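K.L.:
So I've got this file, structure.csv, and it contains CSV, C-alpha atoms:
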chain,number,residue,atom,x,y,z
A,6,MET,CA,-175.7,136.7,68.7
A,7,MET,CA,-174.5,133.3,70.0
A,8,GLY,CA,-171.0,132.3,69.2
A,9,THR,CA,-170.0,128.9,67.8
A,10,ARG,CA,-169.1,127.5,71.2
A,11,GLU,CA,-172.5,128.6,72.7
A,12,LYS,CA,-174.4,127.2,69.8
A,13,THR,CA,-172.6,123.9,70.0
A,14,LEU,CA,-173.1,123.5,73.7
A,15,ALA,CA,-176.8,124.3,73.3
A,16,SER,CA,-177.4,122.0,70.4
A,17,ALA,CA,-175.0,119.0,70.8
A,18,HIS,CA,-177.1,115.9,71.1
A,19,THR,CA,-174.5,113.1,71.5
A,20,LEU,CA,-171.6,113.8,73.8
A,21,VAL,CA,-168.5,111.8,74.6
A,22,VAL,CA,-167.1,112.8,78.1
A,23,LYS,CA,-163.7,111.5,79.1
A,24,VAL,CA,-162.5,111.6,82.7
A,25,GLY,CA,-158.9,110.7,83.7
A,26,SER,CA,-157.4,109.0,86.7
A,27,ALA,CA,-155.9,112.2,88.0
A,28,VAL,CA,-159.5,113.5,88.4
A,29,LEU,CA,-161.1,110.4,89.7
A,30,THR,CA,-158.5,109.1,92.2
A,31,THR,CA,-156.4,110.1,95.2
A,32,SER,CA,-153.6,108.4,97.0
A,33,ASP,CA,-156.4,106.7,99.1
A,34,GLY,CA,-158.4,105.4,96.2
A,35,LEU,CA,-161.4,106.7,94.2
A,36,HIS,CA,-162.4,110.3,94.8
A,37,LEU,CA,-166.1,109.5,95.5
A,38,SER,CA,-167.3,113.1,95.9
A,39,VAL,CA,-165.8,114.0,92.5
A,40,MET,CA,-167.3,110.9,90.9
A,41,TYR,CA,-170.8,111.4,92.4
A,42,SER,CA,-170.8,115.1,91.4
A,43,LEU,CA,-169.8,114.1,87.8
A,44,VAL,CA,-172.6,111.6,87.7
A,45,GLU,CA,-175.2,114.2,88.9
A,46,GLN,CA,-174.1,116.6,86.2
A,47,ILE,CA,-174.2,113.9,83.5
A,48,ALA,CA,-177.7,113.0,84.7
A,49,ARG,CA,-178.8,116.6,84.2
A,50,LEU,CA,-177.6,116.4,80.6
A,51,VAL,CA,-179.4,113.2,80.0
A,52,ARG,CA,-182.6,114.7,81.4
A,53,GLN,CA,-182.2,117.5,78.8
A,54,GLY,CA,-182.6,114.8,76.2
A,55,ARG,CA,-178.9,114.4,75.4
A,56,ARG,CA,-177.0,111.1,74.9
A,57,VAL,CA,-173.8,110.8,76.9
A,58,CYS,CA,-171.0,108.2,76.6
A,59,LEU,CA,-168.6,108.3,79.5
A,60,VAL,CA,-165.0,107.1,78.9
A,61,SER,CA,-163.6,106.6,82.4
A,62,SER,CA,-160.1,105.8,83.6
A,63,GLY,CA,-159.4,104.9,87.2
A,64,ALA,CA,-159.5,101.1,87.2
A,65,VAL,CA,-155.8,100.5,87.6
A,66,ALA,CA,-155.5,103.2,90.2
A,67,ALA,CA,-158.5,101.8,92.1
A,68,GLY,CA,-157.0,98.3,92.0
A,69,ARG,CA,-153.7,99.5,93.3
A,70,THR,CA,-155.3,101.1,96.4
A,71,ALA,CA,-157.5,98.1,96.9
A,72,LEU,CA,-154.4,95.9,97.3
A,73,PRO,CA,-152.9,97.9,100.2
A,74,GLU,CA,-149.1,98.0,100.1
A,75,ARG,CA,-148.8,95.1,97.7
A,76,GLY,CA,-150.6,97.0,95.0
A,77,ARG,CA,-148.4,100.1,95.2
A,78,SER,CA,-145.3,98.2,94.1
A,79,VAL,CA,-146.8,96.2,91.2
A,80,GLU,CA,-144.8,96.6,88.0
A,81,GLY,CA,-145.0,95.4,84.5
A,82,LEU,CA,-147.9,94.8,82.0
A,83,SER,CA,-149.3,91.7,83.8
A,84,GLY,CA,-149.3,93.5,87.1
A,85,ARG,CA,-151.2,96.4,85.7
A,86,GLN,CA,-153.6,94.0,84.0
A,87,ALA,CA,-154.2,92.3,87.3
A,88,LEU,CA,-154.8,95.6,89.0
A,89,ALA,CA,-157.3,96.6,86.3
A,90,ALA,CA,-159.2,93.3,86.9
A,91,ILE,CA,-159.6,94.2,90.6
A,92,GLY,CA,-160.2,97.9,90.1
A,93,GLN,CA,-162.7,97.8,87.3
A,94,GLY,CA,-165.2,96.1,89.6
A,95,CYS,CA,-164.6,98.8,92.2
A,96,LEU,CA,-165.1,101.5,89.7
A,97,MET,CA,-168.3,100.1,88.2
A,98,ARG,CA,-169.8,99.4,91.6
A,99,GLU,CA,-169.5,103.1,92.5
A,100,TYR,CA,-170.8,104.2,89.1
A,101,GLU,CA,-173.8,101.9,89.4
A,102,HIS,CA,-174.7,103.3,92.8
A,103,ALA,CA,-174.2,106.9,91.7
A,104,PHE,CA,-176.4,106.6,88.6
A,105,ALA,CA,-179.0,104.6,90.4
A,106,ALA,CA,-179.3,107.5,92.9
A,107,GLN,CA,-180.1,109.7,89.8
A,108,GLY,CA,-182.7,107.2,88.5
A,109,LEU,CA,-180.5,106.1,85.6
A,110,LEU,CA,-178.9,102.9,84.4
A,111,CYS,CA,-175.3,102.7,83.3
A,112,ALA,CA,-173.6,99.9,81.3
A,113,GLN,CA,-170.0,98.7,81.3
A,114,VAL,CA,-168.3,98.5,77.9
A,115,LEU,CA,-164.7,97.2,77.7
A,116,LEU,CA,-162.9,97.5,74.4
A,117,THR,CA,-159.6,96.6,72.7
A,118,ARG,CA,-158.3,98.2,69.5
A,119,ASP,CA,-159.2,95.0,67.7
A,120,ASP,CA,-162.9,95.6,68.4
A,121,LEU,CA,-162.7,98.7,66.3
A,122,ARG,CA,-160.1,97.5,63.8
A,123,SER,CA,-162.4,94.8,62.4
A,124,ARG,CA,-165.1,96.6,60.3
A,125,PRO,CA,-167.9,94.0,61.2
A,126,ARG,CA,-167.0,94.2,64.9
A,127,PHE,CA,-166.9,98.0,64.7
A,128,LEU,CA,-170.4,98.1,63.2
A,129,ASN,CA,-171.7,95.6,65.8
A,130,ALA,CA,-170.3,97.7,68.6
A,131,ARG,CA,-171.9,100.8,67.0
A,132,ASN,CA,-175.3,99.0,67.0
A,133,THR,CA,-174.9,98.1,70.7
A,134,PHE,CA,-174.0,101.7,71.7
A,135,MET,CA,-176.9,103.1,69.7
A,136,ASN,CA,-179.3,100.8,71.5
A,137,LEU,CA,-177.9,101.8,74.9
A,138,LEU,CA,-178.1,105.5,74.1
A,139,ASP,CA,-181.6,105.2,72.7
A,140,TRP,CA,-182.7,103.6,76.0
A,141,GLY,CA,-181.3,106.5,78.0
A,142,VAL,CA,-178.5,104.3,79.4
A,143,VAL,CA,-175.1,105.8,80.0
A,144,PRO,CA,-172.3,103.6,78.6
A,145,ILE,CA,-169.2,103.7,80.7
A,146,VAL,CA,-166.3,102.8,78.5
A,147,ASN,CA,-162.7,101.7,79.3
A,148,GLU,CA,-159.9,99.9,77.6
A,149,ASN,CA,-160.0,96.2,78.4
A,150,ASP,CA,-156.7,96.4,80.2
A,151,THR,CA,-157.0,92.9,81.6
A,152,VAL,CA,-156.6,91.2,78.3
A,153,ALA,CA,-155.2,93.8,75.8
A,154,VAL,CA,-151.7,93.2,74.5
A,155,GLN,CA,-149.5,96.0,73.2
A,156,GLU,CA,-150.5,95.8,69.6
A,157,LEU,CA,-154.2,95.8,70.6
A,158,LYS,CA,-154.0,98.8,73.0
A,159,PHE,CA,-155.3,102.2,72.2
A,160,GLY,CA,-152.4,103.7,74.1
A,161,ASP,CA,-154.6,105.7,76.6
A,162,ASN,CA,-158.3,106.6,77.1
A,163,ASP,CA,-157.8,110.0,75.3
A,164,GLN,CA,-157.3,108.1,72.1
A,165,LEU,CA,-160.0,105.6,72.8
A,166,ALA,CA,-162.4,108.5,73.3
A,167,SER,CA,-161.4,110.1,70.0
A,168,LEU,CA,-162.3,106.8,68.2
A,169,LEU,CA,-165.5,106.5,70.1
A,170,LEU,CA,-166.6,109.8,68.6
A,171,ASN,CA,-166.7,108.1,65.2
A,172,LEU,CA,-168.5,105.1,66.6
A,173,VAL,CA,-171.4,106.9,68.2
A,174,GLU,CA,-171.4,109.9,65.8
A,175,GLY,CA,-170.6,112.3,68.7
A,176,GLU,CA,-171.1,116.0,68.2
A,177,LEU,CA,-169.0,117.2,71.2
A,178,TYR,CA,-165.9,115.8,73.0
A,179,ILE,CA,-165.4,116.9,76.6
A,180,ASN,CA,-162.1,116.0,78.3
A,181,LEU,CA,-162.0,116.4,82.1
A,182,THR,CA,-158.5,116.7,83.3
A,183,SER,CA,-156.5,117.8,86.4
A,184,ALA,CA,-155.4,121.0,84.7
A,185,ASP,CA,-157.5,124.1,84.2
A,186,GLY,CA,-157.2,123.7,80.5
A,187,VAL,CA,-154.4,124.0,77.9
A,188,LEU,CA,-151.8,126.2,79.6
A,189,ALA,CA,-149.6,128.8,77.8
A,190,ALA,CA,-146.6,127.3,79.6
A,191,ASN,CA,-145.6,124.0,81.1
A,192,PRO,CA,-147.4,123.5,84.5
A,193,GLU,CA,-144.2,122.0,85.8
A,194,SER,CA,-142.4,125.3,85.5
A,195,ALA,CA,-142.0,127.9,88.3
A,196,LYS,CA,-144.4,130.3,86.7
A,197,PRO,CA,-147.3,128.4,85.0
A,198,GLY,CA,-148.9,130.1,82.1
A,199,GLU,CA,-152.5,131.2,81.8
A,200,VAL,CA,-155.1,129.0,80.2
A,201,ILE,CA,-155.4,129.3,76.5
A,202,PRO,CA,-159.2,129.8,76.0
A,203,TYR,CA,-159.4,128.9,72.4
A,204,LEU,CA,-157.5,126.9,69.8
A,205,ASP,CA,-158.3,127.1,66.2
A,206,SER,CA,-158.5,123.5,65.3
A,207,ILE,CA,-155.7,121.4,63.7
A,208,GLU,CA,-153.5,124.3,62.5
A,209,HIS,CA,-153.3,126.1,65.8
A,210,ILE,CA,-152.5,122.9,67.7
A,211,ALA,CA,-149.8,122.1,65.2
A,212,ASP,CA,-148.1,125.4,65.9
A,213,LEU,CA,-147.8,124.7,69.6
A,214,ASP,CA,-144.6,123.4,71.1
A,215,ILE,CA,-146.4,120.5,72.6
A,216,GLU,CA,-143.4,118.7,74.1
A,217,SER,CA,-142.3,121.7,76.1
A,218,LEU,CA,-145.7,123.0,76.8
A,219,CYS,CA,-147.3,119.9,78.2
A,220,GLY,CA,-144.6,118.4,80.4
A,221,ALA,CA,-144.8,115.0,82.0
A,222,LYS,CA,-147.9,112.9,82.4
A,223,THR,CA,-149.5,112.5,85.8
A,224,SER,CA,-148.3,109.7,88.0
A,225,VAL,CA,-151.6,107.9,88.0
A,226,GLY,CA,-152.5,108.2,84.3
A,227,THR,CA,-151.0,107.2,81.0
A,228,GLY,CA,-151.8,110.3,78.9
A,229,GLY,CA,-151.0,113.9,79.8
A,230,MET,CA,-151.9,117.1,77.9
A,231,ARG,CA,-150.0,116.0,74.8
A,232,SER,CA,-152.3,113.0,74.5
A,233,LYS,CA,-155.4,115.2,75.0
A,234,LEU,CA,-154.3,117.6,72.3
A,235,MET,CA,-153.6,114.7,69.9
A,236,ALA,CA,-157.1,113.4,70.6
A,237,ALA,CA,-158.5,116.9,70.0
A,238,ARG,CA,-156.7,117.1,66.7
A,239,ARG,CA,-158.4,113.8,65.7
A,240,ALA,CA,-161.8,115.1,66.8
A,241,ALA,CA,-161.3,118.3,64.9
A,242,GLN,CA,-160.6,116.3,61.7
A,243,LEU,CA,-164.0,114.6,62.2
A,244,GLY,CA,-165.7,118.0,62.5
A,245,VAL,CA,-166.1,117.6,66.3
A,246,PRO,CA,-165.1,120.4,68.8
A,247,THR,CA,-163.3,119.6,72.0
A,248,LEU,CA,-163.7,121.2,75.4
A,249,ILE,CA,-160.9,120.5,77.9
A,250,LEU,CA,-162.1,121.3,81.4
A,251,PRO,CA,-160.8,121.1,85.0
A,252,GLY,CA,-162.6,118.0,86.2
A,253,ARG,CA,-162.3,118.6,89.9
A,254,ARG,CA,-163.9,122.0,89.8
A,255,ALA,CA,-167.3,122.2,91.4
A,256,ASP,CA,-170.2,121.7,88.9
A,257,ILE,CA,-167.8,122.2,86.0
A,258,LEU,CA,-170.1,120.7,83.4
A,259,ASP,CA,-173.1,122.7,84.6
A,260,ARG,CA,-171.0,125.9,84.4
A,261,ALA,CA,-169.7,125.2,80.9
A,262,PHE,CA,-173.2,124.4,79.5
A,263,ALA,CA,-174.6,127.5,81.3
A,264,GLY,CA,-172.2,129.6,79.1
A,265,GLU,CA,-169.3,130.2,81.5
A,266,ARG,CA,-166.0,130.5,79.6
A,267,VAL,CA,-164.0,127.8,81.4
A,268,GLY,CA,-161.3,125.5,80.1
A,269,THR,CA,-160.0,125.4,76.5
A,270,TRP,CA,-162.3,125.2,73.5
A,271,ILE,CA,-160.8,123.6,70.4
A,272,ALA,CA,-162.7,124.3,67.2
A,273,PRO,CA,-163.4,121.7,64.6
A,274,ALA,CA,-161.9,121.7,61.1
A,275,THR,CA,-163.9,123.6,58.5
A,276,GLN,CA,-163.9,120.6,56.2
A,277,ALA,CA,-164.4,117.3,58.1
A,278,VAL,CA,-163.1,114.1,56.7
A,279,SER,CA,-165.4,111.2,56.1
A,280,ARG,CA,-166.1,108.8,58.9
A,281,ARG,CA,-164.8,105.9,56.7
A,282,LYS,CA,-161.5,107.7,56.2
A,283,TYR,CA,-161.3,108.6,59.9
A,284,TRP,CA,-161.8,104.9,60.8
A,285,MET,CA,-159.2,103.9,58.2
A,286,ALA,CA,-156.5,106.2,59.5
A,287,TYR,CA,-156.9,105.5,63.2
A,288,GLN,CA,-158.1,101.9,63.5
A,289,SER,CA,-154.5,100.7,64.0
A,290,GLU,CA,-151.0,102.0,64.4
A,291,PRO,CA,-149.0,102.5,61.2
A,292,GLN,CA,-146.8,99.5,60.3
A,293,GLY,CA,-144.1,101.4,58.5
A,294,SER,CA,-143.2,104.5,56.6
A,295,VAL,CA,-143.1,105.5,53.0
A,296,PHE,CA,-140.7,108.5,52.2
A,297,VAL,CA,-141.6,110.8,49.4
A,298,ASP,CA,-140.0,113.6,47.5
A,299,GLU,CA,-141.2,117.3,47.7
A,300,GLY,CA,-143.1,117.1,44.5
A,301,ALA,CA,-145.1,114.1,45.7
A,302,ALA,CA,-145.8,115.9,49.0
A,303,VAL,CA,-147.1,119.0,47.2
A,304,ALA,CA,-149.3,116.8,45.0
A,305,LEU,CA,-150.8,115.0,48.1
A,306,GLU,CA,-151.2,118.0,50.4
A,307,GLU,CA,-152.1,120.8,48.0
A,308,LYS,CA,-153.6,119.1,44.9
A,309,GLY,CA,-155.5,116.2,46.5
A,310,GLY,CA,-153.6,113.7,44.4
A,311,SER,CA,-152.7,110.0,45.0
A,312,LEU,CA,-149.2,108.8,45.8
A,313,LEU,CA,-147.5,107.3,42.7
A,314,PRO,CA,-144.4,105.0,42.6
A,315,GLY,CA,-142.4,107.8,41.0
A,316,GLY,CA,-142.7,110.0,44.1
A,317,VAL,CA,-141.4,107.3,46.5
A,318,ILE,CA,-137.8,107.7,47.5
A,319,GLY,CA,-137.6,105.2,50.5
A,320,VAL,CA,-139.3,102.7,52.7
A,321,GLU,CA,-139.0,101.8,56.3
A,322,GLY,CA,-140.4,98.8,58.1
A,323,VAL,CA,-141.9,95.5,56.9
A,324,PHE,CA,-145.5,95.4,55.8
A,325,GLU,CA,-147.9,93.7,53.4
A,326,PRO,CA,-150.4,95.2,50.9
A,327,GLY,CA,-153.3,96.8,52.7
A,328,ALA,CA,-151.2,97.9,55.7
A,329,LEU,CA,-151.6,101.4,57.2
A,330,VAL,CA,-148.3,103.3,56.7
A,331,ARG,CA,-147.0,106.8,57.4
A,332,VAL,CA,-146.2,109.1,54.5
A,333,VAL,CA,-143.2,111.3,55.3
A,334,CYS,CA,-141.3,114.0,53.4
A,335,GLY,CA,-138.0,114.8,55.1
A,336,GLU,CA,-138.8,115.6,58.7
A,337,HIS,CA,-142.4,116.4,57.8
A,338,ALA,CA,-145.3,113.9,58.4
A,339,VAL,CA,-147.6,114.2,55.4
A,340,GLY,CA,-150.3,111.7,56.6
A,341,VAL,CA,-151.2,108.0,56.7
A,342,GLY,CA,-152.8,105.7,54.2
A,343,LEU,CA,-153.4,102.2,53.1
A,344,THR,CA,-150.7,100.9,50.8
A,345,ASN,CA,-151.4,98.8,47.7
A,346,TYR,CA,-147.9,97.3,47.7
A,347,SER,CA,-145.8,95.5,50.3
A,348,SER,CA,-142.6,97.1,51.7
A,349,GLU,CA,-140.5,94.7,49.5
A,350,GLU,CA,-142.4,95.6,46.4
A,351,LEU,CA,-142.2,99.3,47.1
A,352,ASP,CA,-138.4,99.1,47.6
A,353,ARG,CA,-138.2,97.6,44.1
A,354,ILE,CA,-140.5,100.1,42.3
A,355,LYS,CA,-139.7,103.4,44.2
A,356,GLY,CA,-139.0,106.2,41.7
A,357,LEU,CA,-140.3,104.2,38.7
A,358,LYS,CA,-142.9,105.1,36.1
A,359,ARG,CA,-145.9,102.9,35.6
A,360,VAL,CA,-144.4,101.1,32.6
A,361,GLU,CA,-141.3,100.4,34.6
A,362,VAL,CA,-143.3,99.1,37.5
A,363,ALA,CA,-144.8,96.5,35.2
A,364,ALA,CA,-141.4,95.4,34.1
A,365,ALA,CA,-140.1,95.3,37.7
A,366,LEU,CA,-143.0,93.3,39.2
A,367,GLY,CA,-144.3,91.5,36.2
A,368,ASN,CA,-147.6,93.3,36.5
A,369,ALA,CA,-149.0,96.7,37.4
A,370,HIS,CA,-152.3,96.1,39.1
A,371,TYR,CA,-152.3,99.4,40.9
A,372,PRO,CA,-151.2,102.7,39.3
A,373,GLU,CA,-151.1,104.3,42.8
A,374,VAL,CA,-149.1,103.3,45.8
A,375,ILE,CA,-151.8,104.9,48.0
A,376,HIS,CA,-155.0,106.1,46.5
A,377,ARG,CA,-156.2,109.5,47.7
A,378,ASP,CA,-159.4,107.9,49.0
A,379,ASN,CA,-157.3,105.8,51.3
A,380,LEU,CA,-155.1,108.7,52.5
A,381,LEU,CA,-155.6,111.1,55.4
A,382,ILE,CA,-153.5,114.2,55.3
A,383,ASN,CA,-152.1,115.7,58.6
A,384,ALA,CA,-153.1,112.6,60.6
A,385,ALA,CA,-152.7,112.8,64.4
A,386,VAL,CA,-150.5,109.8,64.9
As structure tokens - that is how I would like this structure written.
P.N.:
Amino acid sequence: MMGTREKTLASAHTLVVKVGSAVLTTSDGLHLSVMYSLVEQIARLVRQGRRVCLVSSGAVAAGRTALPERGRSVEGLSGRQALAAIGQGCLMREYEHAFAAQGLLCAQVLLTRDDLRSRPRFLNARNTFMNLLDWGVVPIVNENDTVAVQELKFGDNDQLASLLLNLVEGELYINLTSADGVLAANPESAKPGEVIPYLDSIEHIADLDIESLCGAKTSVGTGGMRSKLMAARRAAQLGVPTLILPGRRADILDRAFAGERVGTWIAPATQAVSRRKYWMAYQSEPQGSVFVDEGAAVALEEKGGSLLPGGVIGVEGVFEPGALVRVVCGEHAVGVGLTNYSSEELDRIKGLKRVEVAAALGNAHYPEVIHRDNLLINAAV
């Protein structure tokens, strides 16, 4: 009988594949043999009738090597953005040649977080992606590093890929990295651990000592294994499994889809959150924190309740009604949600009953600080 992994690999129709800079680049520039091999394997998936979105890093690294010695010493945000402007063209030129050799078209899509934060722009982007995928075109997605400012950045392409899963209704997330998978010990240590073949979704990842396990990020990228596990947690909440694979291994996608047990498989959550709630929780960074008592935390996590003013014991940050905020109990992160009250209002009504809220604010439009429909428990932020 086929296992869940084999069934998913056999049936997944829409895939999001992310490849990092450490896989695609060397000290001399783009690793063309790796890139062309990856494209050949993606082409085989497309010819099987699958739809593939490729999230590709490498623009900044390609731009750095294209500038000889000057590019290697560039520092600061504007320098990286200039390198991205140079390197993105180099990256797409090679992808276009590689896909053309396979008889396929590819399309460049550059995004900032603001493109997904606005619901109308999110839906418009979704329609564009669906057209490309219906036509058999492979979208090649990257953050628009040239223009993105800090508050509009995804952080890294691992997080961008996790948001793209929601946009294109992906059924499988494949993350190609420089490691063999998730290791049982820090790869920077003298005795690296063996690959963990299977992680049971959100709970198993939460049990890992991610900080000591994952070590530092690579010198050419912005993520590292910690970022990949955070993205996998997000995907799991959406009901999407993740497969973390060694991207430079020969024919690694072919081998995985043929049934070889390579890399680390991260199972999806048994109960997926709605796509609306997923978009709500991850479309922007939280603007502050709301601290709650233990009774409120239990009501939220175990009883599916809403957050009421009486359960609030503190507020951190400055935010307006409708902002995304963290919900925290002691040292424990409960989740994130959209607040009905500003930070100033919350500071005035924390711990109060509803009738007392009306007296403090002159009205009580909202019985809840955060309604349960606007709250995601155990968010990966």
K.L.:
If you count only C-alpha atoms, which residues fall within 8 Å of Ala237 of chain A, apart from same-chain ones fewer than 5 positions away, as an MDAnalysis selection string?
P.N.:
chainID A and resid 167 246:247 271
K.L.:
When you draw a straight line from atom CA of Leu121 of chain A to atom CA of Arg98 of chain A, how long is it in Å?
P.N.:
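Those two atoms sit 26.3 Å apart.
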K.L.:
At a cut-off of 6 Å from (-149.8, 116.3, 54.7) in the coordinates of the file, what residues are picked up using only C-alpha atoms, written as a list of chain:residue names?
P.N.:
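Here the neighbourhood of the point contains A:Glu306, A:Val339, A:Gly340, A:Ile382, A:Asn383.
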K.L.:
Using all atoms listed in the file, can you tell me which of A:Glu148, A:Asp139, A:Glu290, A:Asp205 comes closest to Val114 of chain A?
P.N.:
A:Glu148
K.L.:
Near Val57 of chain A, within 6 Å and counting all atoms listed in the file, which residues show up once chain neighbours fewer than 2 positions away are dropped, as a list in words?
P.N.:
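Skipping anything fewer than 2 positions along the chain leaves Thr19, Leu20 and Val21 of chain A.
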K.L.:
Using only C-alpha atoms, which protein or nucleic acid residues come within 8 Å of Leu258 of chain A? Drop anything in the same chain fewer than 3 positions from it, and give the result as a VMD selection string.
P.N.:
chain A and resid 43 46 to 47 261 to 262
K.L.:
Using all atoms listed in the file, determine which residues lie at most 8 Å from Arg280 of chain A, disregarding the query and same-chain residues fewer than 3 positions distant; provide the list as a list in words.
P.N.:
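Neighbouring residues, sequence-local ones excluded: Asn171, Leu243, Tyr283 and Trp284 of chain A.
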K.L.:
Using all atoms listed in the file, which of A:Tyr203, A:Arg10, A:Thr182, A:Arg85 sits nearest Ile257 of chain A?
P.N.:
A:Thr182
K.L.:
When you count all atoms listed in the file, which of these residues is closest to Leu110 of chain A: A:Ile145, A:Leu35, A:Ala184, A:Leu357?
P.N.:
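The shortest atom-to-atom distance to Leu110 of chain A comes from A:Ile145.
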K.L.:
Please identify all polymer residues within 6 Å of segment 328-338 of chain A, counting only C-alpha atoms, omitting same-chain residues fewer than 3 positions from it, and present them as number ranges by chain.
P.N.:
A: 291-297, 325, 341-344
K.L.:
What does the distance from atom CA of Leu137 of chain A to atom CA of Trp270 of chain A come to in Å, to one decimal?
P.N.:
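That distance, rounded to one decimal, is 28.2 Å.
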K.L.:
Find the distance between atom CA of Ala130 of chain A and atom CA of Val142 of chain A and write it in Å to one decimal.
P.N.:
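Computing it gives 15.1 Å between the two atoms.
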K.L.:
Using only C-alpha atoms, which residue out of A:His370, A:Lys355, A:Arg281, A:His36 lies closest to Phe127 of chain A?
P.N.:
A:Arg281
K.L.:
Pick from A:Gly84, A:Gly310, A:Gly319, A:Gly186: nearest to Gly252 of chain A, with all atoms listed in the file counted?
P.N.:
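Checking each of A:Gly84, A:Gly310, A:Gly319, A:Gly186 against Gly252 of chain A, counting all atoms listed in the file, the winner is A:Gly186.
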K.L.:
Please work out which residues fall within 7 Å of (-158.3, 93.6, 94.5), coordinates as given in the file, with only C-alpha atoms counting, and return them as a ChimeraX atom specification.
P.N.:
/A:68,71-72,88,91-92
K.L.:
Would you fill the gaps in segment 266-279 of chain A so it has N, CA and C atoms, then print it as a JSON list (two decimals), in the coordinates of the input?
P.N.:
[["chain", "number", "residue", "atom", "x", "y", "z"],
["A", 266, "ARG", "N", -167.16, 130.75, 80.39],
["A", 266, "ARG", "CA", -166.00, 130.50, 79.60],
["A", 266, "ARG", "C", -164.89, 129.85, 80.41],
["A", 267, "VAL", "N", -165.01, 128.56, 80.64],
["A", 267, "VAL", "CA", -164.00, 127.80, 81.40],
["A", 267, "VAL", "C", -163.28, 126.85, 80.50],
["A", 268, "GLY", "N", -162.04, 126.50, 80.87],
["A", 268, "GLY", "CA", -161.30, 125.50, 80.10],
["A", 268, "GLY", "C", -160.82, 126.05, 78.76],
["A", 269, "THR", "N", -160.51, 125.11, 77.87],
["A", 269, "THR", "CA", -160.00, 125.40, 76.50],
["A", 269, "THR", "C", -160.95, 124.82, 75.49],
["A", 270, "TRP", "N", -161.43, 125.65, 74.59],
["A", 270, "TRP", "CA", -162.30, 125.20, 73.50],
["A", 270, "TRP", "C", -161.43, 125.04, 72.24],
["A", 271, "ILE", "N", -161.52, 123.86, 71.62],
["A", 271, "ILE", "CA", -160.80, 123.60, 70.40],
["A", 271, "ILE", "C", -161.74, 123.37, 69.26],
["A", 272, "ALA", "N", -161.68, 124.28, 68.32],
["A", 272, "ALA", "CA", -162.70, 124.30, 67.20],
["A", 272, "ALA", "C", -162.45, 123.15, 66.26],
["A", 273, "PRO", "N", -163.50, 122.73, 65.59],
["A", 273, "PRO", "CA", -163.40, 121.70, 64.60],
["A", 273, "PRO", "C", -162.81, 122.21, 63.28],
["A", 274, "ALA", "N", -162.33, 121.32, 62.43],
["A", 274, "ALA", "CA", -161.90, 121.70, 61.10],
["A", 274, "ALA", "C", -163.05, 122.18, 60.27],
["A", 275, "THR", "N", -162.80, 123.11, 59.38],
["A", 275, "THR", "CA", -163.90, 123.60, 58.50],
["A", 275, "THR", "C", -164.37, 122.59, 57.55],
["A", 276, "GLN", "N", -163.48, 121.69, 57.14],
["A", 276, "GLN", "CA", -163.90, 120.60, 56.20],
["A", 276, "GLN", "C", -163.56, 119.27, 56.93],
["A", 277, "ALA", "N", -164.59, 118.59, 57.36],
["A", 277, "ALA", "CA", -164.40, 117.30, 58.10],
["A", 277, "ALA", "C", -164.10, 116.20, 57.09],
["A", 278, "VAL", "N", -163.31, 115.25, 57.55],
["A", 278, "VAL", "CA", -163.10, 114.10, 56.70],
["A", 278, "VAL", "C", -164.23, 113.10, 56.88],
["A", 279, "SER", "N", -164.34, 112.17, 55.98],
["A", 279, "SER", "CA", -165.40, 111.20, 56.10],
["A", 279, "SER", "C", -165.18, 110.26, 57.24]]
